[in-house]
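Data from model05.cif: mmCIF, C-alpha atoms and all ligand atoms
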data_model
#
loop_
_atom_site.label_atom_id
_atom_site.label_comp_id
_atom_site.auth_asym_id
_atom_site.auth_seq_id
_atom_site.Cartn_x
_atom_site.Cartn_y
_atom_site.Cartn_z
CA MET A 1 112.46 99.42 64.41
CA THR A 2 112.45 99.76 68.18
CA SER A 3 109.27 98.47 69.84
CA ILE A 4 106.80 101.03 71.16
CA ILE A 5 105.68 100.68 74.77
CA LEU A 6 102.38 102.22 75.83
CA LEU A 7 101.85 103.43 79.40
CA GLY A 8 98.84 104.86 81.15
CA PHE A 9 96.26 104.41 83.86
CA MET A 10 93.55 101.74 83.72
CA GLY A 11 91.12 102.71 80.98
CA ALA A 12 93.61 104.95 79.16
CA GLY A 13 93.18 102.98 75.94
CA LYS A 14 96.55 101.21 75.83
CA THR A 15 95.06 98.07 74.29
CA THR A 16 92.78 99.89 71.84
CA VAL A 17 95.55 102.20 70.66
CA GLY A 18 98.03 99.33 70.77
CA TYR A 19 96.06 97.29 68.24
CA GLN A 20 95.50 100.33 66.04
CA LEU A 21 99.18 101.25 66.05
CA SER A 22 100.37 97.71 65.48
CA ASP A 23 97.99 97.41 62.51
CA GLN A 24 99.32 100.63 61.00
CA LEU A 25 102.92 99.57 61.48
CA GLY A 26 102.45 95.92 60.57
CA TYR A 27 103.84 94.97 63.98
CA SER A 28 102.60 92.41 66.46
CA PHE A 29 100.87 93.54 69.63
CA LEU A 30 101.87 92.15 73.01
CA ASP A 31 100.08 92.91 76.25
CA THR A 32 102.06 92.38 79.47
CA ASP A 33 98.90 91.43 81.43
CA HIS A 34 98.05 88.82 78.84
CA GLU A 35 101.59 87.42 78.97
CA ILE A 36 101.32 87.10 82.75
CA GLU A 37 97.94 85.35 82.45
CA LYS A 38 99.38 82.92 79.92
CA GLN A 39 102.41 82.14 82.09
CA VAL A 40 100.44 81.58 85.28
CA GLY A 41 97.33 80.08 83.70
CA LEU A 42 95.09 82.36 85.75
CA SER A 43 93.29 85.64 85.09
CA ILE A 44 94.62 88.88 86.61
CA PRO A 45 91.83 88.99 89.26
CA GLU A 46 92.59 85.34 90.16
CA ILE A 47 96.31 86.11 90.51
CA PHE A 48 95.55 89.09 92.78
CA GLU A 49 93.16 87.03 94.83
CA SER A 50 95.33 83.93 95.22
CA TYR A 51 98.81 85.42 95.39
CA GLY A 52 98.41 89.14 96.04
CA GLU A 53 99.56 92.28 94.29
CA ASN A 54 103.25 91.93 95.17
CA TYR A 55 103.51 88.60 93.40
CA PHE A 56 101.74 90.07 90.37
CA ARG A 57 104.25 92.94 90.35
CA GLU A 58 107.16 90.49 90.35
CA LEU A 59 105.72 88.72 87.33
CA GLU A 60 105.15 92.07 85.65
CA THR A 61 108.82 93.00 86.06
CA GLN A 62 109.90 89.63 84.70
CA VAL A 63 107.71 90.06 81.63
CA LEU A 64 108.92 93.64 81.11
CA LYS A 65 112.52 92.45 81.13
CA GLU A 66 111.70 89.94 78.40
CA ILE A 67 109.66 92.05 75.99
CA PRO A 68 110.77 91.98 72.35
CA LEU A 69 112.84 95.14 71.83
CA ASP A 70 112.06 95.49 68.14
CA ASN A 71 109.00 95.43 65.89
CA TYR A 72 106.33 95.13 68.58
CA VAL A 73 103.77 97.41 70.12
CA ILE A 74 103.62 96.62 73.83
CA GLY A 75 100.62 97.36 76.02
CA THR A 76 101.31 97.45 79.76
CA GLY A 77 99.27 97.25 82.95
CA GLY A 78 98.50 100.61 84.52
CA GLY A 79 100.57 99.81 87.57
CA ILE A 80 103.77 98.83 85.77
CA VAL A 81 105.27 102.16 86.86
CA GLU A 82 104.83 101.34 90.55
CA LYS A 83 108.30 99.78 90.84
CA GLU A 84 111.33 101.99 90.46
CA GLU A 85 113.12 99.18 88.66
CA ASN A 86 110.40 99.14 86.01
CA ARG A 87 110.42 102.92 85.64
CA ALA A 88 114.16 102.78 84.95
CA LEU A 89 113.68 100.05 82.32
CA LEU A 90 110.85 101.97 80.65
CA LYS A 91 112.84 105.18 80.56
CA GLU A 92 115.87 103.43 79.10
CA HIS A 93 113.71 102.19 76.25
CA ASN A 94 113.46 105.16 73.85
CA ASN A 95 109.96 104.63 72.51
CA THR A 96 107.87 104.67 75.67
CA VAL A 97 104.66 106.66 75.24
CA TYR A 98 102.36 107.85 78.01
CA LEU A 99 98.67 107.90 77.03
CA LYS A 100 97.39 110.56 79.39
CA VAL A 101 93.70 110.90 80.25
CA ASP A 102 91.81 113.01 82.75
CA TYR A 103 90.37 111.23 85.74
CA ASP A 104 86.83 112.15 84.67
CA THR A 105 87.31 110.28 81.41
CA ILE A 106 88.54 107.20 83.27
CA LEU A 107 85.52 107.37 85.57
CA LYS A 108 83.18 107.41 82.59
CA ARG A 109 84.98 104.58 80.81
CA LEU A 110 85.22 102.30 83.83
CA VAL A 111 81.85 103.08 85.36
CA ASN A 112 80.64 99.48 85.16
CA ASP A 113 84.00 97.77 85.24
CA ASP A 114 84.56 95.18 87.89
CA SER A 115 87.29 93.21 86.13
CA ARG A 116 90.19 95.22 87.55
CA PRO A 117 91.16 94.43 91.15
CA LEU A 118 92.58 97.90 91.84
CA TRP A 119 89.56 99.65 90.44
CA LYS A 120 87.45 97.99 93.14
CA GLN A 121 88.36 100.56 95.77
CA THR A 122 86.74 103.66 97.17
CA ASP A 123 86.60 106.74 94.92
CA HIS A 124 89.11 108.42 97.17
CA GLU A 125 91.58 105.53 96.91
CA ARG A 126 91.25 105.39 93.13
CA LEU A 127 91.85 109.10 92.76
CA THR A 128 94.85 108.94 95.09
CA LEU A 129 96.30 106.11 93.01
CA PHE A 130 95.67 108.07 89.81
CA ASN A 131 97.31 111.22 91.17
CA ARG A 132 100.29 109.41 92.63
CA ARG A 133 101.07 107.67 89.37
CA GLN A 134 101.06 110.75 87.14
CA ALA A 135 104.67 111.67 87.87
CA TYR A 136 105.70 108.04 87.41
CA TYR A 137 104.20 107.88 83.92
CA GLU A 138 105.85 111.16 82.95
CA GLU A 139 109.21 110.10 84.33
CA SER A 140 109.13 106.74 82.53
CA SER A 141 108.15 107.95 79.06
CA SER A 142 109.70 109.97 76.27
CA LEU A 143 106.39 111.18 74.82
CA THR A 144 103.09 112.16 76.47
CA ILE A 145 99.85 112.40 74.52
CA GLN A 146 96.67 113.81 76.06
CA THR A 147 94.18 111.43 74.51
CA ASP A 148 90.74 112.27 75.97
CA ALA A 149 89.42 114.04 72.90
CA LEU A 150 91.19 111.92 70.30
CA THR A 151 90.13 108.84 68.35
CA ARG A 152 92.34 105.76 68.38
CA GLU A 153 93.49 106.65 64.85
CA GLU A 154 94.43 110.19 65.92
CA VAL A 155 96.42 108.93 68.89
CA SER A 156 98.16 106.37 66.74
CA ASN A 157 99.02 108.97 64.09
CA GLN A 158 100.43 111.32 66.72
CA ILE A 159 102.66 108.56 68.03
CA LEU A 160 103.89 107.81 64.53
CA LYS A 161 104.68 111.47 63.96
CA TYR A 162 106.95 111.72 66.96
CA ILE A 163 108.79 108.43 67.15
C1 LIG A 201 96.57 97.45 87.17
C2 LIG A 201 96.10 97.61 85.89
C3 LIG A 201 95.63 96.49 85.07
C4 LIG A 201 96.29 95.18 85.51
C5 LIG A 201 96.10 95.00 86.97
C6 LIG A 201 96.72 96.12 87.79
C7 LIG A 201 97.00 98.65 87.94
O1 LIG A 201 95.91 96.72 83.68
O2 LIG A 201 97.65 95.18 85.20
O3 LIG A 201 94.73 94.88 87.22
O4 LIG A 201 97.71 98.50 88.93
O5 LIG A 201 96.64 99.77 87.52
P1 LIG A 201 95.11 97.82 82.79
O6 LIG A 201 95.80 99.12 82.96
O7 LIG A 201 95.24 97.27 81.42
O8 LIG A 201 93.71 97.85 83.27
#
As structure tokens:
Amino acid sequence: MTSIILLGFMGAGKTTVGYQLSDQLGYSFLDTDHEIEKQVGLSIPEIFESYGENYFRELETQVLKEIPLDNYVIGTGGGIVEKEENRALLKEHNNTVYLKVDYDTILKRLVNDDSRPLWKQTDHERLTLFNRRQAYYEESSSLTIQTDALTREEVSNQILKYI
């Protein structure tokens, strides 16, 4: 069956739900950030620091173009929708799911997080990023699930109901 791609902002639960869903389906889970780290041999923060965001985005597009199209659950980085080229690829793929969360939930989840380069900004910049990306996630996906109040199992079951 067609692979399922999960989209959403940092802290939306793409990895958590991704593992849950792949367990339920008996699929493998692939995370685009992890693929990039493996290819470059550096962590995401190191790539941002040494080469900058634009270089990271190029690698992200490359990885997206090479994802297995069947029998995988794919977790993506929250900024994969930044490039129009990526949004077109995601939309073309029929099983792209947007895990939507309110900003307040993200704030609570990432309160002590300093592992994400783009989370290390002012509150105003983070919120602007969050707001700007909402339309991109919607435009790139075929299903949106508001996940704040749901467990990973509930989110996973909802995905399975609709795909
Ligand atoms: C990013 C999100 C991160 C990672 C990178 C950039 C973003 O992934 O790809 O730090 O631009 O929102 P997560 O969404 O898994 O945190």
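One finds CA of Ile145 (chain A) at 11.7 Å from CA of Leu160 (chain A).
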Exercise for the section: Go through the chains and note each residue within 10 Å of ligand LIG 201 (chain A), using only C-alpha atoms and all ligand atoms, then give the set as number ranges by chain. Expected result: A: 7-15, 31-34, 36, 43-45, 47-48, 53, 56-57, 60, 75-82, 110, 113, 115-120, 126, 129-130, 133
Problem - One-decimal distance in Å that lies between CA of Gln39 (chain A) and CA of Ile4 (chain A) - result: 22.3 Å
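Taking only C-alpha atoms into account, Asn131 (chain A) lies nearest to A:Val101 out of the set A:Val101, A:Val17, A:Ala149, A:Leu64.
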Padding of 8 Å on every side, edges along x, y and z, all listed atoms of region 9-15 of chain A included: what centre and edge lengths in Å, to one decimal, does that box have, as JSON?
{"center_x": 93.8, "center_y": 101.5, "center_z": 79.1, "size_x": 21.4, "size_y": 22.9, "size_z": 25.6}
Fill in the blank from the handout: Expressed in Å, the length from CA of Leu90 (chain A) to CA of Ile74 (chain A) is 11.3 Å
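Among the candidates A:Glu139, A:Glu58, A:Glu37, A:Asp70, the one nearest to Lys91 (chain A) when counting only C-alpha atoms is A:Glu139.
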Is there a way to get, as a PDB file with C-alpha atoms, in the frame of the given file, all residues within 8 Å of the point (102.0, 106.5, 80.1) in file coordinates, counting only C-alpha atoms?
ATOM      1  CA  LEU A   6     102.380 102.220  75.830  1.00  0.00           C
ATOM      2  CA  LEU A   7     101.850 103.430  79.400  1.00  0.00           C
ATOM      3  CA  GLY A   8      98.840 104.860  81.150  1.00  0.00           C
ATOM      4  CA  PHE A   9      96.260 104.410  83.860  1.00  0.00           C
ATOM      5  CA  THR A  96     107.870 104.670  75.670  1.00  0.00           C
ATOM      6  CA  VAL A  97     104.660 106.660  75.240  1.00  0.00           C
ATOM      7  CA  TYR A  98     102.360 107.850  78.010  1.00  0.00           C
ATOM      8  CA  LEU A  99      98.670 107.900  77.030  1.00  0.00           C
ATOM      9  CA  LYS A 100      97.390 110.560  79.390  1.00  0.00           C
ATOM     10  CA  TYR A 137     104.200 107.880  83.920  1.00  0.00           C
ATOM     11  CA  GLU A 138     105.850 111.160  82.950  1.00  0.00           C
ATOM     12  CA  SER A 140     109.130 106.740  82.530  1.00  0.00           C
ATOM     13  CA  SER A 141     108.150 107.950  79.060  1.00  0.00           C
ATOM     14  CA  THR A 144     103.090 112.160  76.470  1.00  0.00           C
TER      15      THR A 144
END
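Among the candidates A:Thr105, A:Thr122, A:Asn95, A:Ser156, the residue lying nearest to Leu143 (chain A) is A:Asn95 (atoms considered: only C-alpha atoms).
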Exercise for the section: Excluding Glu35 (chain A) and any residue of its chain fewer than 5 positions from it, enumerate the residues within 9 Å of it, using all atoms listed in the file, and give them as an MDAnalysis selection string. Expected result: chainID A and resid 30 40 60 63
